[in-house]
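Report on the following structure.
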Amino acid sequence: MALDKTKTYHLMEVCGTHTMAIAKSGIRNVLPAFIRLVSGPGCPVCVTPPEVIDAALRLTERPNVIIATYGDMIRVPGSVKGDNLARRSAMGAKVRIVYSAMDALEIAKAEPGSEVVFLGVGFETSAPGTATSVEEAKRQCIGNYSVFSMLKMLEPSIRALASDPEFNVQGFICPGHVAVILGEQGLKFFEELGLPAVIAGFDTDDIVNAVRMLMVQIAKGEARLENQYTDVVRPEGNPMARELMDKFLVPRKDIWRGLGEIEQSGYGLRPEYAAWDAEQKFDIHFGKPVIKTACRCGDVVKGKLDPMQCPLFGTVCVPEDPEGPCMVSAEGACAAAYKYRAF
Amino acid sequence: MCLAVPLRIKELDGTDAVVERDGVSRRVKVNFIREPKVGDYVMVHAGFAIEKVDSRQAEEDLEAFRELEQVLSTL
């Protein structure tokens, strides 16, 4: 079996850092026309749905609440364009940008009269750190800290994508740092999908090597998981990190932008740690948002639509005034395409 | 969100570490790294070391950075 070079082979990456690295390197312009690299639901901010952002925005209306968040969340709009944490902050809400969940915990220690809510966005790479902040809050008896968990899992999102009748991907570039935690063993499910998959690092040569490995497998009709990022990714992953996740987090149904509700696809806090669970503490519920925008972010995160095919791209939707999260987060496919687009 | 550069553990106090690369340092947690030691290279994500990095590879990467800086300074 050989490649049919009159066809287009779509290789999907599912990691915001890969999205950035690919856009920045210009690999797309050099690859032969029959290979197309597409971005999947790998940018954690982009897959966070508007109803969850709305709930975070409503939290800012409570007295004494400080929202602590990674920087790329602050400009993500909820269901109303222009309403985001940055705007709420300008109007007087307390919003702090942190680099780590531990920084959010430090704010809680320094300001005992406030309630600090950490927006725990991310995939398995971020989950053990988020869990650690709860462990430390309990150990140090810090009662004014809580986590609003938006943590998501890789496998259910990939399975949901692959079950879409319009799914058109022939190979996966797997997220290197999710694999650090889950190990090769945790990504074996890619083989069940009947598609080749390569765990890849983040340098240009890593990505080019991963493309080569995928194309060789496609040509041979194979569907194996290979590891290109062996410096850091072990077969067994990081079991200590997974122990922390098991102790503090529990899989639950979650809502994804573009993919909708997926069973057992996100992590909530275990009931034993309800005292540090913002959803319990503040009785958070998610409404059904009415979205009035032509933003196609939902199709972009599924790899169905190229960012530049969106009618809003680069016109009414630009990084300075984004319509949707794919243009907000530096790791979003639209922001990466905008920043590094070829003229 | 990932800082995909290996950083070297400079100081260690329980599960708190100071990591550095060429004089730039920051505090990170190393609570889910098995037997961290001063001198180990770790991959850091959002304030947490997520895995040790093969030190020879890390040295090679950093050496490449140093060579680049050295060459750039002469241009």
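Following the order of the structure tokens, chains are lettered A, B, ..., residues in each are numbered from 1, and ligands are numbered from 1.
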Pick out the chain A residues within 8 Å of chain B. Count only C-alpha atoms. Give them as number ranges by chain. A: 16-17, 99-102, 125-126, 129, 180-181, 202, 231-232, 238, 240-241
Those selected residues, please, written with N, CA and C atoms and delivered as a short mmCIF file (atom, residue, chain, number, x, y, z; two decimals), in the first residue's frame.
```cif
data_model
loop_
_atom_site.label_atom_id
_atom_site.label_comp_id
_atom_site.auth_asym_id
_atom_site.auth_seq_id
_atom_site.Cartn_x
_atom_site.Cartn_y
_atom_site.Cartn_z
N GLY A 16 -2.63 23.11 22.43
CA GLY A 16 -2.44 24.52 22.10
C GLY A 16 -0.99 24.87 21.81
N THR A 17 -0.08 24.22 22.51
CA THR A 17 1.34 24.53 22.29
C THR A 17 1.79 24.03 20.92
N TYR A 99 0.16 32.60 37.53
CA TYR A 99 0.91 31.70 36.67
C TYR A 99 0.63 30.25 37.07
N SER A 100 0.23 30.08 38.34
CA SER A 100 0.10 28.74 38.90
C SER A 100 -1.03 28.74 39.94
N ALA A 101 -1.64 27.56 40.12
CA ALA A 101 -2.66 27.43 41.17
C ALA A 101 -2.09 27.80 42.54
N MET A 102 -0.79 27.55 42.73
CA MET A 102 -0.17 27.86 44.04
C MET A 102 -0.14 29.37 44.28
N THR A 125 -2.43 17.70 31.98
CA THR A 125 -1.15 18.32 32.37
C THR A 125 -1.35 19.28 33.54
N SER A 126 -2.49 19.96 33.55
CA SER A 126 -2.74 20.96 34.59
C SER A 126 -3.42 20.36 35.82
N GLY A 129 -1.43 19.72 39.29
CA GLY A 129 -1.10 20.98 39.97
C GLY A 129 -2.32 21.59 40.64
N VAL A 180 3.10 13.17 29.12
CA VAL A 180 4.03 13.11 30.25
C VAL A 180 3.29 12.56 31.47
N ILE A 181 2.05 13.01 31.67
CA ILE A 181 1.27 12.57 32.83
C ILE A 181 0.69 11.17 32.60
N PHE A 202 7.85 19.64 20.98
CA PHE A 202 7.34 20.93 20.53
C PHE A 202 8.27 21.72 19.63
N ASP A 231 12.49 11.76 25.42
CA ASP A 231 13.28 12.43 26.46
C ASP A 231 12.45 12.65 27.71
N VAL A 232 11.17 12.88 27.53
CA VAL A 232 10.32 13.29 28.65
C VAL A 232 9.15 12.35 28.91
N ASN A 238 3.58 9.63 34.54
CA ASN A 238 3.97 10.07 35.87
C ASN A 238 2.94 9.57 36.89
N MET A 240 2.93 9.40 40.11
CA MET A 240 2.71 10.25 41.29
C MET A 240 1.69 11.34 40.96
N ALA A 241 1.78 11.87 39.76
CA ALA A 241 0.81 12.91 39.35
C ALA A 241 -0.59 12.32 39.27
#
```
Where does DSSP see alpha helix (DSSP H) in stretch 73-149 of chain A, if you list the residues as a PyMOL selection string? chain A and resi 85-90+101-110+127-139
Please provide as a ChimeraX atom specification all residues within 8 Å of B:Gly39, with the sequence filter that same-chain residues fewer than 4 positions apart are discarded (counting only C-alpha atoms). /B:8-10
Can you list, as a PyMOL selection string, all residues belonging to stretch 126-312 of chain A that DSSP tags as strand (DSSP E or B)? chain A and resi 145-152+171-175+197-200+225-227+249-256+260-269+277
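The neighbours of B:Arg27 here are the residues that come within 7 Å of it, using only C-alpha atoms and leaving out any residue fewer than 6 positions away in the same chain; they are Ala17, Val18 and Val19 of chain B.
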Find the residues near A:Ile22: any atom within 8 Å, counting only C-alpha atoms, skip ones fewer than 4 places away on the same chain, and give them as a PyMOL selection string. chain A and resi 18+26-28+204+207
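Every protein or nucleic acid residue with an atom no more than 9 Å from A:Met308, counting only C-alpha atoms and leaving out same-chain residues fewer than 5 positions away, appears here: Phe313, Gly314, Cys334, Ala337 and Tyr338 of chain A.
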Which residues are near stretch 86-93 of chain A? Cut-off 7 Å, only C-alpha atoms, ignore same chain within fewer than 6 positions. Put them as a PyMOL selection string. chain A and resi 60+74-75
Taking C-alpha atoms for each residue, export the selection above as a PDB file, in the first residue's frame.
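Once everything was written out, this is selection22.pdb:
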```pdb
ATOM      1  CA  THR A  60     -17.314  38.482  40.149  1.00  0.00           C
ATOM      2  CA  ILE A  74      -9.480  37.104  31.047  1.00  0.00           C
ATOM      3  CA  ARG A  75     -10.536  38.159  27.558  1.00  0.00           C
TER       4      ARG A  75
END
```
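For the set B:Ser73, B:Glu35, B:Leu7, B:Asp16, the residue with the smallest atom-to-atom gap to B:Glu59 is B:Leu7, counting only C-alpha atoms.
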